[in-house]
file my_file_37.cif (mmCIF, C-alpha atoms)
data_work
loop_
_atom_site.label_atom_id
_atom_site.label_comp_id
_atom_site.auth_asym_id
_atom_site.auth_seq_id
_atom_site.Cartn_x
_atom_site.Cartn_y
_atom_site.Cartn_z
CA MET A 215 0.00 0.00 0.00
CA PRO A 216 1.25 3.54 -0.70
CA ASP A 217 2.65 5.53 2.20
CA THR A 218 0.09 8.29 2.77
CA ALA A 219 2.57 10.19 4.95
CA ALA A 220 5.09 10.51 2.10
CA PRO A 221 5.30 13.75 0.07
CA LEU A 222 2.97 13.97 -2.93
CA PRO A 223 5.75 13.72 -5.56
CA ASP A 224 7.02 10.53 -3.92
CA ARG A 225 3.54 9.04 -3.88
CA VAL A 226 3.03 9.91 -7.55
CA LEU A 227 6.39 8.34 -8.42
CA ALA A 228 5.52 5.20 -6.43
CA TRP A 229 2.20 4.96 -8.28
CA LEU A 230 3.90 5.31 -11.64
CA ASN A 231 6.47 2.65 -10.70
CA ALA A 232 3.59 0.31 -9.82
CA LEU A 233 2.43 0.54 -13.45
CA ARG A 234 5.71 -0.80 -14.75
CA PRO A 235 5.72 -4.51 -15.60
CA ALA A 236 7.94 -6.79 -13.55
CA PRO A 237 11.15 -7.88 -15.30
CA GLN A 238 11.00 -11.24 -17.04
CA ALA A 239 13.45 -13.78 -15.66
CA VAL A 240 13.96 -15.28 -19.11
CA ASN A 241 17.29 -15.52 -20.88
CA ALA A 242 18.00 -14.70 -24.53
CA ARG A 243 17.88 -18.34 -25.60
CA GLU A 244 14.36 -18.82 -24.24
CA ARG A 245 13.19 -15.58 -25.86
CA LEU A 246 14.56 -16.74 -29.20
CA ARG A 247 12.83 -20.10 -28.73
CA VAL A 248 9.49 -18.36 -28.18
CA VAL A 249 9.92 -15.96 -31.11
CA LEU A 250 10.85 -18.70 -33.58
CA GLY A 251 8.09 -20.99 -32.32
CA ALA A 252 5.35 -18.38 -32.66
CA GLY A 253 6.51 -17.46 -36.16
CA LEU A 254 6.82 -21.04 -37.38
CA GLY A 255 3.55 -22.06 -35.74
CA LEU A 256 1.55 -19.28 -37.34
CA LEU A 257 3.24 -19.90 -40.69
CA LEU A 258 2.33 -23.59 -40.60
CA ALA A 259 -1.24 -22.96 -39.46
CA GLY A 260 -1.71 -20.30 -42.11
CA LEU A 261 -0.30 -22.36 -44.97
CA LEU A 262 -2.34 -25.47 -44.13
CA SER A 263 -5.53 -23.45 -43.59
CA HIS A 264 -5.04 -21.63 -46.88
CA ALA A 265 -4.53 -24.92 -48.70
CA ALA A 266 -7.66 -26.44 -47.13
CA MET A 267 -10.05 -23.55 -47.86
CA ALA A 268 -11.77 -22.35 -50.96
CA PRO A 269 -10.31 -19.30 -52.71
CA GLY A 270 -11.58 -15.94 -51.53
CA LEU A 271 -12.44 -17.04 -47.98
CA PRO A 272 -10.58 -15.79 -44.88
CA TRP A 273 -7.93 -18.34 -43.94
CA LEU A 274 -6.35 -16.83 -40.81
CA VAL A 275 -8.06 -14.96 -37.93
CA ALA A 276 -6.38 -12.24 -35.86
CA PRO A 277 -6.92 -13.81 -32.36
CA LEU A 278 -4.57 -16.59 -33.44
CA GLY A 279 -1.64 -14.21 -32.94
CA ALA A 280 -2.50 -13.88 -29.24
CA SER A 281 -2.96 -17.65 -29.02
CA ALA A 282 0.55 -18.11 -30.40
CA VAL A 283 1.98 -15.95 -27.61
CA LEU A 284 0.45 -18.27 -25.03
CA ILE A 285 1.20 -21.60 -26.74
CA PHE A 286 4.86 -20.84 -27.43
CA GLY A 287 5.60 -18.24 -24.74
CA VAL A 288 3.93 -19.83 -21.72
CA PRO A 289 3.19 -23.44 -22.71
CA ALA A 290 2.75 -24.43 -19.05
CA SER A 291 -0.09 -21.93 -18.53
CA PRO A 292 -3.59 -23.36 -17.98
CA LEU A 293 -4.76 -20.68 -20.43
CA ALA A 294 -2.55 -22.15 -23.18
CA GLN A 295 -3.57 -25.81 -23.03
CA PRO A 296 -5.09 -27.44 -26.14
CA TRP A 297 -8.70 -27.48 -24.91
CA ALA A 298 -8.38 -23.87 -23.75
CA VAL A 299 -7.11 -22.79 -27.18
CA VAL A 300 -9.46 -24.76 -29.43
CA GLY A 301 -12.49 -24.66 -27.14
CA GLY A 302 -11.99 -21.07 -26.04
CA ASN A 303 -11.61 -19.65 -29.55
CA THR A 304 -14.33 -21.78 -31.14
CA LEU A 305 -16.99 -21.40 -28.46
CA SER A 306 -16.35 -17.68 -28.16
CA ALA A 307 -16.75 -17.30 -31.91
CA LEU A 308 -20.07 -19.16 -31.70
CA VAL A 309 -21.18 -16.84 -28.90
CA GLY A 310 -20.25 -13.80 -30.98
CA ILE A 311 -22.21 -15.09 -34.00
CA ALA A 312 -25.21 -15.89 -31.80
CA CYS A 313 -25.19 -12.38 -30.38
CA MET A 314 -25.04 -10.91 -33.89
CA GLN A 315 -28.04 -12.96 -34.98
CA TRP A 316 -30.25 -12.76 -31.90
CA LEU A 317 -29.59 -9.46 -30.10
CA PRO A 318 -31.48 -6.44 -31.50
CA LEU A 319 -29.06 -4.00 -29.88
CA PRO A 320 -26.63 -1.32 -31.05
CA PRO A 321 -23.31 -2.80 -32.27
CA LEU A 322 -21.34 -1.51 -29.26
CA MET A 323 -23.73 -3.20 -26.81
CA VAL A 324 -23.67 -6.41 -28.86
CA ALA A 325 -19.87 -6.39 -28.75
CA ALA A 326 -19.81 -5.94 -24.97
CA VAL A 327 -22.40 -8.66 -24.37
CA ALA A 328 -20.60 -11.06 -26.74
CA VAL A 329 -17.28 -10.73 -24.92
CA ALA A 330 -18.91 -11.03 -21.50
CA LEU A 331 -20.89 -14.14 -22.48
CA ALA A 332 -17.82 -15.68 -24.13
CA ILE A 333 -15.90 -15.34 -20.86
CA ALA A 334 -18.80 -16.88 -18.95
CA VAL A 335 -18.93 -19.85 -21.35
CA MET A 336 -15.17 -20.36 -21.16
CA PHE A 337 -15.28 -20.31 -17.36
CA THR A 338 -18.14 -22.82 -17.33
CA LEU A 339 -16.50 -25.23 -19.78
CA ARG A 340 -12.99 -24.85 -18.29
CA CYS A 341 -11.44 -23.43 -21.46
CA LEU A 342 -10.58 -19.88 -20.37
CA HIS A 343 -8.39 -18.44 -23.12
CA PRO A 344 -7.81 -14.65 -23.44
CA PRO A 345 -7.81 -14.64 -27.28
CA GLY A 346 -11.26 -16.24 -27.05
CA GLY A 347 -12.66 -12.87 -26.01
CA ALA A 348 -11.08 -11.40 -29.14
CA ALA A 349 -12.63 -14.17 -31.24
CA GLY A 350 -16.10 -13.30 -29.95
CA LEU A 351 -15.49 -9.60 -30.52
CA LEU A 352 -14.20 -10.25 -34.04
CA MET A 353 -17.49 -11.90 -35.01
CA VAL A 354 -19.39 -8.76 -33.99
CA LEU A 355 -16.97 -6.27 -35.57
CA THR A 356 -17.06 -8.14 -38.89
CA ALA A 357 -20.86 -8.69 -38.65
CA THR A 358 -20.38 -12.43 -39.13
CA HIS A 359 -23.66 -14.39 -39.26
CA ASP A 360 -22.41 -17.67 -40.73
CA TRP A 361 -22.09 -20.39 -38.08
CA HIS A 362 -19.53 -22.23 -40.19
CA PHE A 363 -17.01 -19.42 -39.64
CA ALA A 364 -16.56 -20.56 -36.04
CA PHE A 365 -15.30 -23.92 -37.32
CA VAL A 366 -13.52 -22.85 -40.49
CA PRO A 367 -11.30 -20.94 -40.13
CA VAL A 368 -11.44 -20.33 -36.31
CA ALA A 369 -11.45 -23.93 -35.01
CA LEU A 370 -9.21 -25.13 -37.87
CA ASN A 371 -6.66 -22.37 -37.22
CA SER A 372 -6.68 -23.11 -33.50
CA LEU A 373 -6.26 -26.86 -33.96
CA LEU A 374 -3.38 -26.48 -36.40
CA LEU A 375 -1.62 -24.01 -34.09
CA VAL A 376 -2.01 -26.40 -31.15
CA LEU A 377 -0.53 -29.27 -33.16
CA ALA A 378 2.39 -27.06 -34.16
CA GLY A 379 2.83 -26.11 -30.51
CA MET A 380 2.89 -29.77 -29.44
CA ALA A 381 5.63 -30.58 -31.93
CA TYR A 382 7.76 -27.47 -31.39
CA ASN A 383 7.56 -27.32 -27.60
CA THR A 384 8.38 -31.01 -27.29
CA LEU A 385 11.38 -30.68 -29.61
CA THR A 386 12.68 -27.66 -27.68
CA GLY A 387 12.35 -29.21 -24.23
CA ARG A 388 9.00 -27.84 -23.04
CA ARG A 389 6.17 -30.06 -21.81
CA TYR A 390 3.06 -29.40 -23.91
CA PRO A 391 0.31 -30.25 -23.29
CA HIS A 392 1.18 -29.49 -19.69
CA ALA A 393 -1.01 -32.00 -17.86
CA GLN A 394 -1.15 -31.77 -14.08
CA GLN A 395 1.13 -34.35 -12.50
CA ALA A 396 0.67 -35.71 -8.99
CA HIS A 397 3.74 -35.86 -6.80
CA ALA A 398 4.84 -39.42 -6.16
CA PRO A 399 5.96 -40.19 -2.61
CA GLN A 400 9.72 -40.03 -2.17
CA PRO A 401 11.40 -43.41 -1.60
CA GLN A 402 13.54 -44.10 1.44
CA GLY A 403 16.84 -42.30 1.18
CA ALA A 404 15.72 -40.13 -1.71
CA SER A 405 17.90 -37.09 -2.31
CA VAL A 406 14.99 -34.66 -2.52
CA ALA A 407 13.07 -33.84 0.63
CA PRO A 408 9.27 -33.79 0.55
CA PRO A 409 7.56 -30.39 0.51
CA ARG A 410 6.61 -28.79 3.81
CA PHE A 411 3.00 -28.40 2.71
CA GLY A 412 0.50 -30.87 1.35
CA ASP A 413 -2.20 -30.74 -1.30
CA ALA A 414 -4.84 -29.69 1.22
CA GLU A 415 -2.81 -26.68 2.40
CA LEU A 416 -2.03 -25.52 -1.14
CA ASP A 417 -5.67 -25.91 -2.20
CA ALA A 418 -6.81 -23.91 0.82
CA VAL A 419 -4.44 -21.04 0.00
CA LEU A 420 -5.48 -21.02 -3.66
CA ALA A 421 -9.15 -21.00 -2.66
CA ARG A 422 -8.52 -18.04 -0.36
CA TYR A 423 -6.60 -16.25 -3.12
CA ASN A 424 -9.67 -16.75 -5.36
CA GLN A 425 -8.13 -15.49 -8.60
CA VAL A 426 -7.17 -17.10 -11.90
CA LEU A 427 -3.49 -18.04 -11.83
CA ASP A 428 -1.54 -18.16 -15.06
CA VAL A 429 0.63 -20.98 -13.73
CA PRO A 430 -0.25 -24.68 -13.35
CA ARG A 431 -0.79 -25.94 -9.84
CA ASP A 432 1.98 -28.56 -9.94
CA ASP A 433 4.52 -26.01 -11.18
CA LEU A 434 3.49 -23.61 -8.41
CA ALA A 435 4.10 -26.30 -5.78
CA ASP A 436 7.50 -27.14 -7.31
CA LEU A 437 8.53 -23.47 -7.39
CA LEU A 438 7.56 -22.95 -3.75
CA HIS A 439 9.45 -26.08 -2.73
CA GLU A 440 12.59 -25.05 -4.63
CA ALA A 441 12.45 -21.54 -3.16
CA GLU A 442 12.18 -23.07 0.30
CA LEU A 443 15.21 -25.29 -0.24
CA LEU A 444 17.20 -22.35 -1.61
CA SER A 445 16.30 -20.35 1.49
CA TYR A 446 17.60 -23.16 3.70
CA ARG A 447 20.81 -23.39 1.66
CA ASN A 448 21.38 -19.67 2.00
CA ARG A 449 20.90 -19.83 5.76
CA LEU A 450 22.94 -22.97 6.29
CA GLY A 451 25.66 -22.19 3.78
CA GLY A 452 27.61 -25.22 2.62
CA LEU A 453 27.08 -27.29 5.77
CA ARG A 454 27.00 -31.04 5.24
CA CYS A 455 25.70 -33.75 7.51
CA ALA A 456 29.30 -34.62 8.43
CA ASP A 457 29.78 -31.08 9.77
CA ILE A 458 27.10 -31.20 12.48
CA MET A 459 26.25 -34.87 13.07
CA SER A 460 26.79 -36.55 16.44
CA SER A 461 29.66 -39.01 16.38
CA PRO A 462 30.65 -41.62 17.46
CA VAL A 463 27.24 -43.26 17.44
CA ILE A 464 25.85 -45.47 20.19
CA SER A 465 24.48 -48.46 18.32
CA VAL A 466 23.36 -52.03 18.91
CA GLU A 467 23.22 -55.25 16.90
CA PHE A 468 20.35 -57.51 15.92
CA GLY A 469 21.03 -59.88 18.79
CA THR A 470 21.49 -57.27 21.52
CA PRO A 471 19.22 -58.17 24.48
CA LEU A 472 16.31 -55.79 25.01
CA ALA A 473 17.37 -54.96 28.54
CA GLU A 474 20.83 -53.90 27.37
CA ALA A 475 19.43 -51.70 24.59
CA TRP A 476 16.93 -50.07 26.97
CA ALA A 477 19.70 -49.38 29.46
CA LEU A 478 21.69 -47.58 26.73
CA LEU A 479 18.69 -45.40 25.88
CA GLN A 480 18.22 -44.50 29.54
CA GLN A 481 21.90 -43.98 30.33
CA HIS A 482 22.60 -41.60 27.43
CA GLY A 483 19.19 -39.87 27.36
CA ILE A 484 18.60 -40.65 23.67
CA LYS A 485 15.49 -41.72 21.77
CA ALA A 486 16.86 -44.14 19.19
CA LEU A 487 19.62 -46.64 18.58
CA PRO A 488 20.76 -47.59 15.07
CA VAL A 489 20.94 -51.34 14.58
CA VAL A 490 24.00 -52.43 12.62
CA ASP A 491 25.62 -55.61 11.39
CA ARG A 492 29.22 -56.64 12.04
CA VAL A 493 30.60 -54.23 9.41
CA GLN A 494 28.57 -51.27 10.69
CA ARG A 495 25.93 -51.26 7.97
CA ILE A 496 22.43 -50.18 8.97
CA VAL A 497 19.88 -52.99 9.26
CA GLY A 498 17.27 -51.15 11.32
CA ILE A 499 16.62 -48.71 14.11
CA VAL A 500 15.07 -49.21 17.55
CA THR A 501 13.35 -46.37 19.37
CA ARG A 502 11.62 -45.85 22.70
CA ALA A 503 8.35 -46.05 20.77
CA ASP A 504 9.29 -49.55 19.55
CA PHE A 505 9.76 -50.64 23.16
CA MET A 506 6.39 -49.17 24.14
CA ARG A 507 4.61 -50.95 21.28
CA ALA A 508 6.22 -54.27 22.18
CA ALA A 509 5.31 -53.79 25.87
CA GLU A 510 1.63 -53.36 24.97
CA ALA A 511 1.48 -57.08 24.15
CA GLU A 512 2.39 -58.07 27.71
CA GLN A 513 -0.54 -59.21 29.85
CA ARG A 514 0.09 -56.96 32.84
CA GLU A 515 -1.52 -53.89 34.31
CA GLY A 516 0.33 -50.62 34.09
CA LEU A 517 2.95 -49.56 31.60
CA ALA A 518 5.83 -49.99 34.06
CA GLY A 519 4.88 -53.61 34.74
CA ARG A 520 4.49 -54.42 31.05
CA LEU A 521 7.87 -52.84 30.26
CA GLN A 522 9.62 -54.77 33.02
CA ALA A 523 8.09 -58.01 31.76
CA LEU A 524 9.32 -57.22 28.25
CA LEU A 525 12.89 -56.49 29.40
CA ARG A 526 13.14 -59.49 31.71
CA PRO A 527 14.92 -62.39 29.92
CA SER A 528 12.91 -65.58 29.59
CA PRO A 529 14.47 -68.51 31.46
CA ALA A 530 13.28 -71.03 28.89
CA THR A 531 15.07 -71.80 25.62
CA HIS A 532 11.96 -70.81 23.68
CA SER A 533 9.94 -67.66 24.29
CA THR A 534 6.72 -66.19 22.94
CA LYS A 535 7.84 -62.64 23.66
CA PRO A 536 10.58 -60.60 22.00
CA GLU A 537 14.01 -61.12 23.53
CA VAL A 538 16.44 -59.18 21.31
CA VAL A 539 16.49 -55.85 19.48
CA GLY A 540 16.01 -57.41 16.04
CA GLN A 541 12.56 -58.61 17.03
CA ILE A 542 11.15 -55.14 17.75
CA MET A 543 13.24 -52.80 15.60
CA SER A 544 11.94 -50.87 12.58
CA ARG A 545 13.51 -52.22 9.41
CA GLN A 546 12.60 -49.24 7.21
CA VAL A 547 15.22 -46.61 8.02
CA ARG A 548 15.73 -43.27 6.28
CA VAL A 549 19.45 -42.56 6.09
CA ALA A 550 21.51 -39.74 4.62
CA SER A 551 24.98 -39.49 3.20
CA ALA A 552 27.65 -37.69 5.20
CA GLU A 553 28.17 -35.39 2.19
CA ARG A 554 24.51 -34.47 1.82
CA ALA A 555 23.60 -30.81 2.33
CA ILE A 556 21.90 -30.08 5.63
CA ALA A 557 19.37 -27.81 3.91
CA GLU A 558 17.79 -30.80 2.16
CA LEU A 559 17.00 -32.51 5.46
CA VAL A 560 15.27 -29.62 7.22
CA PRO A 561 11.77 -30.51 5.88
CA LEU A 562 12.22 -34.11 7.06
CA PHE A 563 12.60 -32.97 10.66
CA SER A 564 9.98 -30.23 10.53
CA ASP A 565 7.19 -32.05 8.70
CA THR A 566 7.55 -35.83 8.69
CA GLY A 567 8.13 -36.49 12.38
CA HIS A 568 11.76 -37.57 12.11
CA HIS A 569 13.81 -36.98 15.27
CA HIS A 570 17.02 -38.68 14.18
CA ILE A 571 18.55 -39.74 10.87
CA PRO A 572 21.52 -42.13 10.73
CA ILE A 573 24.39 -40.82 8.59
CA VAL A 574 26.36 -43.21 6.40
CA GLY A 575 29.76 -42.85 4.79
CA GLU A 576 31.77 -45.02 2.45
CA GLN A 577 30.32 -48.45 1.68
CA ALA A 578 27.09 -47.35 3.45
CA ARG A 579 28.65 -47.78 6.89
CA LEU A 580 27.29 -45.88 9.87
CA VAL A 581 29.45 -42.85 10.73
CA GLY A 582 27.11 -40.65 12.77
CA ILE A 583 23.57 -39.63 13.57
CA LEU A 584 21.80 -36.33 12.94
CA THR A 585 19.25 -35.25 15.54
CA GLN A 586 16.81 -32.38 15.87
CA SER A 587 19.15 -30.85 18.45
CA ASP A 588 22.02 -30.88 15.96
CA LEU A 589 19.82 -29.20 13.35
CA VAL A 590 18.53 -26.52 15.74
CA LYS A 591 22.11 -25.62 16.67
CA ALA A 592 23.05 -25.28 13.01
CA LEU A 593 20.02 -23.11 12.24
CA SER A 594 20.64 -20.86 15.23
CA HIS A 595 24.30 -20.28 14.36
CA GLY A 596 23.79 -20.00 10.58
CA PRO A 597 26.59 -20.53 8.05
#
call {"tool": "encode", "arguments": {"input": "my_file_37.cif", "output": "structure tokens"}}
result
Amino acid sequence: MPDTAAPLPDRVLAWLNALRPAPQAVNARERLRVVLGAGLGLLLAGLLSHAAMAPGLPWLVAPLGASAVLIFGVPASPLAQPWAVVGGNTLSALVGIACMQWLPLPPLMVAAVAVALAIAVMFTLRCLHPPGGAAGLLMVLTATHDWHFAFVPVALNSLLLVLAGMAYNTLTGRRYPHAQQAHAPQPQGASVAPPRFGDAELDAVLARYNQVLDVPRDDLADLLHEAELLSYRNRLGGLRCADIMSSPVISVEFGTPLAEAWALLQQHGIKALPVVDRVQRIVGIVTRADFMRAAEAEQREGLAGRLQALLRPSPATHSTKPEVVGQIMSRQVRVASAERAIAELVPLFSDTGHHHIPIVGEQARLVGILTQSDLVKALSHGP
């Protein structure tokens, strides 16, 4: 909002600056790609339309120039997708022709109604396309009454331009059509952290924003996630897991008795113990929560009694209750490389409930553990 306490010249200058368009973060190569694509696409659509139509008939409509800007300049935009282009232009042209035939109004009023109704139709049929408004207006300005004009040349031009856009964008490394893609869950140990927000949160924000966005939803989520990771990297500098992890690590083996593992947790005030084999490779992790879950199976009253029964070794050679760590540990363990950037792990701790991540070095051997406390210290001190 403008500063009402500022001098009038400053307020006028601020208002004028607000009218300036934001700079485009597009390099020269991308601009050349767009320019060549729009030119070639229109040329192809025009030549094929001209060849398909009878002599003397219009073979290229003006709104197609605006459609080319969207298809080749912003191929990811929801306003530039094939149905938006073909449906938006064609339906709007039909609306314009209908208004010319059925509305006994002055031409200026017919033009205004045609554009307004065209927008309403495009909204309803999910084919909002800015040049569609121009297509409806063109029908009024040229006093077009022939229904066929909406299909030839308008629909034909639009279809040919879309096909050219599919070929050109694909060949130049742009996804078109730009269908919405769901985010697959990240596998264990994946190098990219999951986003800090889910679909429900993003949908709620977009609903509150309540405006048409000229960017697809999946791209918006990716951009927000990348900006978040970049922010973490800037704050944490070049810190790696090896720089802040806790080492050496207190660990146990598959056959470690439950009582011994519990005693280690209590003695060192920690919440988890990595489970390793004889060459220090991770085979699982055992946490206080694992002990609590295993204790629930004991037929005793009170948590303390059930836990004592779980930890007490069975005198018999065979037992129906767990006796060693390997019987209660979690086998699915998320680990990270010692060289991995700390910034990539922040969302894991903040959003997915992780309190500790084992760190592995050469040959996937355990070299340390990264805890929430380690991460908080790094964030508080910065790079």
call {"tool": "closest_residue", "arguments": {"input": "my_file_37.cif", "among": "A:Pro391, A:Gly498, A:Pro529, A:Gly582", "to": "Ile458 of chain A", "atoms": "all atoms listed in the file"}}
result
A:Gly582
call {"tool": "atom_distance", "arguments": {"input": "my_file_37.cif", "atom1": "atom CA of Ala276 of chain A", "atom2": "atom CA of Leu352 of chain A"}}
result
8.3 Å
call {"tool": "closest_residue", "arguments": {"input": "my_file_37.cif", "among": "A:Asp457, A:Gly279, A:Ile464, A:Thr338", "to": "His482 of chain A", "atoms": "all atoms listed in the file"}}
result
A:Ile464
call {"tool": "closest_residue", "arguments": {"input": "my_file_37.cif", "among": "A:Ser528, A:Gln586, A:Thr470, A:Gln541", "to": "Phe505 of chain A", "atoms": "all atoms listed in the file"}}
result
A:Gln541
call {"tool": "residues_near_point", "arguments": {"input": "my_file_37.cif", "point": "(9.8, -22.2, -33.4)", "cutoff": "12 Å", "atoms": "all atoms listed in the file", "output": "VMD selection string"}}
result
chain A and resid 243 to 258 282 to 283 285 to 287 375 378 to 388
call {"tool": "atom_distance", "arguments": {"input": "my_file_37.cif", "atom1": "atom CA of Leu278 of chain A", "atom2": "atom CA of Leu331 of chain A"}}
result
19.8 Å
call {"tool": "residues_around", "arguments": {"input": "my_file_37.cif", "residues": "Ala486 of chain A", "least_positions_apart": "3", "cutoff": "10 Å", "atoms": "only C-alpha atoms", "output": "list in words"}}
result
Ile464, Ser465, Ala475, Trp476, Leu478, Leu479, Gly483, Val489, Ile499, Val500, Thr501, Arg502, Ala503, Asp504, His569, His570, Ile571, Pro572, Ile583 and Thr585 of chain A
call {"tool": "atom_distance", "arguments": {"input": "my_file_37.cif", "atom1": "atom CA of Ala330 of chain A", "atom2": "atom CA of Ser372 of chain A"}}
result
21.0 Å
call {"tool": "closest_residue", "arguments": {"input": "my_file_37.cif", "among": "A:Pro527, A:Pro561, A:Val376, A:Ala414", "to": "Pro289 of chain A", "atoms": "all atoms listed in the file"}}
result
A:Val376
call {"tool": "closest_residue", "arguments": {"input": "my_file_37.cif", "among": "A:Val547, A:His439, A:Ala265, A:Ala557", "to": "Leu487 of chain A", "atoms": "all atoms listed in the file"}}
result
A:Val547
call {"tool": "residues_near_point", "arguments": {"input": "my_file_37.cif", "point": "(8.0, -25.6, -12.1)", "cutoff": "12 Å", "atoms": "all atoms listed in the file", "output": "list in words"}}
result
Val288, Pro289, Ala290, Ser291, Arg388, Arg389, His392, Gln394, Gln395, Val429, Pro430, Arg431, Asp432, Asp433, Leu434, Ala435, Asp436, Leu437, Leu438, His439, Glu440 and Ala441 of chain A
call {"tool": "resolve_selection", "arguments": {"input": "my_file_37.cif", "expression": "the PyMOL selection byres ((chain A and resi 263) around 10)", "output": "list of chain:residue names"}}
result
A:Leu257, A:Leu258, A:Ala259, A:Gly260, A:Leu261, A:Leu262, A:His264, A:Ala265, A:Ala266, A:Met267, A:Ala268, A:Pro272, A:Trp273, A:Leu274, A:Val366, A:Pro367, A:Val368, A:Leu370, A:Asn371, A:Leu374
call {"tool": "resolve_selection", "arguments": {"input": "my_file_37.cif", "expression": "the PyMOL selection byres ((chain A and resi 318-325) around 10)", "output": "MDAnalysis selection string"}}
result
chainID A and resid 310 313:317 326:330 350:355 357
call {"tool": "closest_residue", "arguments": {"input": "my_file_37.cif", "among": "A:Thr356, A:Val497, A:Leu525, A:Asp588", "to": "Gln546 of chain A", "atoms": "only C-alpha atoms"}}
result
A:Val497
call {"tool": "resolve_selection", "arguments": {"input": "my_file_37.cif", "expression": "the PyMOL selection byres ((chain A and resi 343) around 7)", "output": "compact mmCIF listing (two decimals) with C-alpha atoms, keeping the file's coordinate frame"}}
result
# COMPACT_ATOMS: atom_id res chain seq x y z
CA LEU A 293 -4.76 -20.68 -20.43
CA ALA A 294 -2.55 -22.15 -23.18
CA ALA A 298 -8.38 -23.87 -23.75
CA VAL A 299 -7.11 -22.79 -27.18
CA GLY A 302 -11.99 -21.07 -26.04
CA CYS A 341 -11.44 -23.43 -21.46
CA LEU A 342 -10.58 -19.88 -20.37
CA PRO A 344 -7.81 -14.65 -23.44
CA PRO A 345 -7.81 -14.64 -27.28
CA GLY A 346 -11.26 -16.24 -27.05
call {"tool": "axis_aligned_box", "arguments": {"input": "my_file_37.cif", "around": "segment 540-547 of chain A", "padding_each_side": "6 Å", "output": "JSON"}}
result
{"center_x": 13.6, "center_y": -52.6, "center_z": 12.5, "size_x": 16.9, "size_y": 24.0, "size_z": 22.5}
call {"tool": "decode", "arguments": {"input": "my_file_37.cif", "residues": "segment 579-593 of chain A", "atoms": "N, CA and C atoms", "output": "CSV table (one decimal), in the first residue's frame"}}
result
chain,number,residue,atom,x,y,z
A,579,ARG,N,28.4,-47.5,5.5
A,579,ARG,CA,28.6,-47.8,6.9
A,579,ARG,C,28.3,-46.6,7.8
A,580,LEU,N,27.7,-46.9,8.9
A,580,LEU,CA,27.3,-45.9,9.9
A,580,LEU,C,28.5,-45.1,10.4
A,581,VAL,N,28.4,-43.7,10.3
A,581,VAL,CA,29.5,-42.9,10.7
A,581,VAL,C,29.0,-41.8,11.7
A,582,GLY,N,27.6,-41.6,11.8
A,582,GLY,CA,27.1,-40.6,12.8
A,582,GLY,C,25.6,-40.7,12.8
A,583,ILE,N,25.0,-39.8,13.5
A,583,ILE,CA,23.6,-39.6,13.6
A,583,ILE,C,23.2,-38.1,13.7
A,584,LEU,N,22.2,-37.7,12.9
A,584,LEU,CA,21.8,-36.3,12.9
A,584,LEU,C,20.5,-36.2,13.7
A,585,THR,N,20.4,-35.4,14.7
A,585,THR,CA,19.3,-35.2,15.5
A,585,THR,C,18.7,-33.9,15.4
A,586,GLN,N,17.4,-33.7,15.9
A,586,GLN,CA,16.8,-32.4,15.9
A,586,GLN,C,17.7,-31.4,16.6
A,587,SER,N,18.3,-31.8,17.7
A,587,SER,CA,19.1,-30.9,18.4
A,587,SER,C,20.3,-30.4,17.6
A,588,ASP,N,20.9,-31.3,16.8
A,588,ASP,CA,22.0,-30.9,16.0
A,588,ASP,C,21.5,-29.9,14.9
A,589,LEU,N,20.3,-30.1,14.4
A,589,LEU,CA,19.8,-29.2,13.4
A,589,LEU,C,19.5,-27.8,13.9
A,590,VAL,N,18.9,-27.8,15.1
A,590,VAL,CA,18.5,-26.5,15.7
A,590,VAL,C,19.8,-25.7,16.0
A,591,LYS,N,20.8,-26.3,16.4
A,591,LYS,CA,22.1,-25.6,16.7
A,591,LYS,C,22.6,-25.0,15.4
A,592,ALA,N,22.5,-25.8,14.3
A,592,ALA,CA,23.0,-25.3,13.0
A,592,ALA,C,22.2,-24.1,12.5
A,593,LEU,N,20.9,-24.2,12.7
A,593,LEU,CA,20.0,-23.1,12.2
A,593,LEU,C,20.2,-21.9,13.1
